[in-house]
Structures are given as structure tokens and as C-alpha cells.
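First the structure, in the form of C-alpha cells, and then the observations on it.
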Amino acid sequence: MRNVFHDELSGLVDTLVEMTHLAESAMTRATTALLDGDRELAETVIAGDERIDSLERDLEERSLQLLARQAPVATDLRVVVTALRMSSSLERMGDLARHVAKLVRLRHPDTVVPVELRSTFLQMGQVAERIVAKAGNVIAHRDVALAAEIEVDDDEMDRLHRDVFEHLLSREWEHTTEVAVDLTLCSRYYERFADHAVSVAKSVVFLVTGSHAEVESSDGLPLVG
């Protein structure tokens with residue numbers, strides 16, 4: 001029975017890793033659609049979000065069954081609890097990629113991002129892709145040191161988010177209020193995407209250590225504060 005139970009726990013982890021892959025693909029495609037004004041690609045992101053939602057619902061059901069049937073304690077209990085937390089964060093990451101895609105659909109055939117901010121949003125997409133890929137590895141390998149790197153990536157995303165606002169508030173801004181609102185929302189979607197990856201990393205640290213206390217990487221970088 002214990003072997004079956006631990007196989008089921010491993011299945012939860014496999015589902016979480018699959019969700020990170022789907023969230024990564026969704027945000028990568030959403031960024032391409034955003035920069036190219038590609039409505040058809042955006043539609044694939046919007047339609048594909050149901051798969052992430054379905055995985056979250058399935059994981060929640062399996063987790064509740066494990067809690068009811070096995071009454072796990074100690075580390076086993078932490079696996080189930082953190083799996084529920086992480087699946088919620090990953091589902092939100094999929095939603096945020098969908099929000100970016102919906103902006104593309106809303107403004108088509110126009111593009112959302114003006115020329116002068118294309119580089120910034122390209123970088124935001126690259127950071128988002130990197131951060132969710134790391135989240136998948138953190139989950140799969142319970143890698144606390146790699147989890148610390150996610151905090152550093154999140155700082156970079158926050159800097160890019162501030163850069164967008166500085167540009168919108170500068171005297172050189174020459175676009176409409178509608179464009180400014182779109183960019184404010186879009187930048188926020190990327191920033192929140194990274195925040196949820198940080199939440200995943202913190203959940204893994206809790207799983208490994210059993211504590212929410214501050215953890216540092218080998219470089220002395222704070223992980224949980």
C-alpha cells in the first residue's frame with residue numbers, strides 16, 4: 001500500500017511539471033503573438049488554457065482523495081499540501097498568458113506594443129520563459145539552490161515592469177491613453193506571472209525544509225523573506 005501511495009505522490013509531481021511546461025509554452029506563444037500581432041497564435045493560447053485548468057482540477061481531486069484515504073503526515077502531508085498550492089499558482093500563470101493573448105485578439109489587426117517598447121516586452125517574455133522552466137526543474141528535483149535563482153529572475157522582471165511605467169510617464173510618450181492602459185495591463189500580467197513562479201519556489205522550499213524561514217542559495221541570495 002505504501003508503494004502505491006508514493007507512486008500517487010509522484011504522480012502529483014509529474015502533473016505539476018507538466019503544468020509548468022504548458023505554462024511556458026503558453027507564455028512563449030503569447031509573447032510572439034503580442035509582438036507580431038498574430039491573432040491565430042493568440043487563439044491557440046486562449047484555447048489551450050483549458051488543458052492547464054483541467055490538470056489543476058484533476059490534481060485537486062486526486063490530492064483530496066489522498067488526504068481522505070491515506071491521512072498522510074509529516075513530509076507526505078507537505079507534498080500534498082504544497083502540490084495544491086503550486087497547482088493553483090501554475091493555473092494562474094496559464095491564465096496570465098491567456099490574458100496577454102486576449103489583448104492581442106482585442107486589438108487585432110493593430111499591435112499592442114509600440115516599436116519603442118518591443119525590446120522591453122521581448123525581454124519580459126524571455127524572463128517569463130526562463131523563470132517557469134526553472135520552476136519545473138525546482139519541482140522535479142526539489143532544488144532549493146535553483147529556487148533561489150527564481151528570486152533573481154523575478155527582480156529582473158520587476159525592473160522591466162518599472163521600465164514600462166517610466167516610459168509611459170515620460171515626456172516622450174506620444175500614444176493614446178488606450179495604448180497606455182493596454183501596456184499597463186500587459187506588463188502587469190508578466191510581472192504577476194513571475195510572482196507566481198516565486199510562490200512555487202517558496203512552496204518547494206517549504207516542502208524540503210518544513211519551514212517558511214529564510215533560505216539562502218550558495219551565493220548568499222535570499223530565497224524566502
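Naming scheme: A, B, ... for chains in displayed order of the C-alpha cells; residues 1 onward per chain; ligands 1 onward as shown.
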Legend entry - Nearby residues (only C-alpha atoms) at most 12 Å from A:Ala140, same-chain spacing under 5 positions excluded, as JSON, numbers by chain: {"A": [10, 11, 12, 13, 14, 15, 16, 17, 18, 19, 20, 21, 83, 133, 134, 135, 146, 147, 200, 201, 204]}
Inset, instruction - Could you give me, as a list in words, the residues within 7 Å of stretch 179-195 of chain A, counting only C-alpha atoms and dropping anything in the same chain fewer than 5 positions from it? - result: Met93, Leu96, Val100, Val112, Val113, Met124, Ala128, Ile131, Asp154, Met157, Asp158, His161 and Leu168 of chain A
Inset, instruction - For A:Glu43, work out the shell of residues within 8 Å, counting only C-alpha atoms and skipping chain neighbours fewer than 5 positions away, then give it as a PyMOL selection string. - result: chain A and resi 101-102+105
Those same residues, written as a PDB file, in the first residue's frame with N, CA and C atoms?
ATOM      1  N   ALA A 101      -2.756  36.996 -24.492  1.00  0.00           N
ATOM      2  CA  ALA A 101      -3.302  36.601 -25.793  1.00  0.00           C
ATOM      3  C   ALA A 101      -4.625  37.307 -26.084  1.00  0.00           C
ATOM      4  N   LYS A 102      -5.423  37.500 -25.061  1.00  0.00           N
ATOM      5  CA  LYS A 102      -6.704  38.183 -25.267  1.00  0.00           C
ATOM      6  C   LYS A 102      -6.512  39.648 -25.661  1.00  0.00           C
ATOM      7  N   ARG A 105      -5.938  39.590 -29.339  1.00  0.00           N
ATOM      8  CA  ARG A 105      -7.205  39.408 -30.054  1.00  0.00           C
ATOM      9  C   ARG A 105      -8.026  40.692 -30.046  1.00  0.00           C
TER      10      ARG A 105
END
Legend entry - Option closest in space to A:Ala42, from A:Leu77, A:Leu66, A:Ala197, A:Ala97 [counting only C-alpha atoms]: A:Ala97
Inset, instruction - Identify all residues of stretch 8-218 of chain A in alpha helix (DSSP H) (DSSP on the backbone) and supply them as a count of residues only. - result: 177
Legend entry - Computed interatomic separation between atom CA of A:Ala23 and atom CA of A:Ser119 (Å): 21.9 Å
Legend entry - Separation of atom CA of A:Ser54 from atom CA of A:Ala148, in Å and rounded to one decimal: 29.4 Å
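Nearest to A:Glu178 of all the residues A:Glu156, A:Thr75, A:Arg107, A:Ser63 is A:Arg107, based on only C-alpha atoms.
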Inset, instruction - Please provide as a list in words all residues within 12 Å of A:Ser88, with the sequence filter that same-chain residues fewer than 3 positions apart are discarded (counting only C-alpha atoms). - result: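 Neighbouring residues, sequence-local ones excluded: Leu16, Met19, Thr20, Ile52, Asp53, Ser54, Leu55, Glu56, Arg57, Asp58, Leu59, Glu60, Val81, Thr82, Ala83, Leu84, Arg85, Glu91, Arg92, Met93, Gly94, Asp95, His196, Ala197, Ser199, Val200 and Ser203 of chain A.
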Could you produce a table of the residues of stretch 7-110 of chain A lying within 12 Å of stretch 114-117 of chain A, with the nearest pair of atoms per residue and their separation in Å rounded to one decimal, using only C-alpha atoms, ordered by chain and increasing residue number, as CSV?
residue,atom,partner,partner_atom,distance
A:Leu34,CA,A:Pro114,CA,10.6
A:Leu35,CA,A:Pro114,CA,9.0
A:Asp36,CA,A:Pro114,CA,11.0
A:Gly37,CA,A:Pro114,CA,11.1
A:Asp110,CA,A:Pro114,CA,9.9
Inset, instruction - Can you work out which one of A:Lys202, A:Arg142, A:Arg118, A:Arg159 has the shortest atom-to-atom distance to A:Thr31, counting only C-alpha atoms? - result: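 Closest to A:Thr31 of all the choices is A:Arg118.
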Inset, instruction - Kindly give the distance, in Å, that separates atom CA of A:Ile46 and atom CA of A:Arg98, rounded to a single decimal. - result: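 A separation of 5.1 Å between them.
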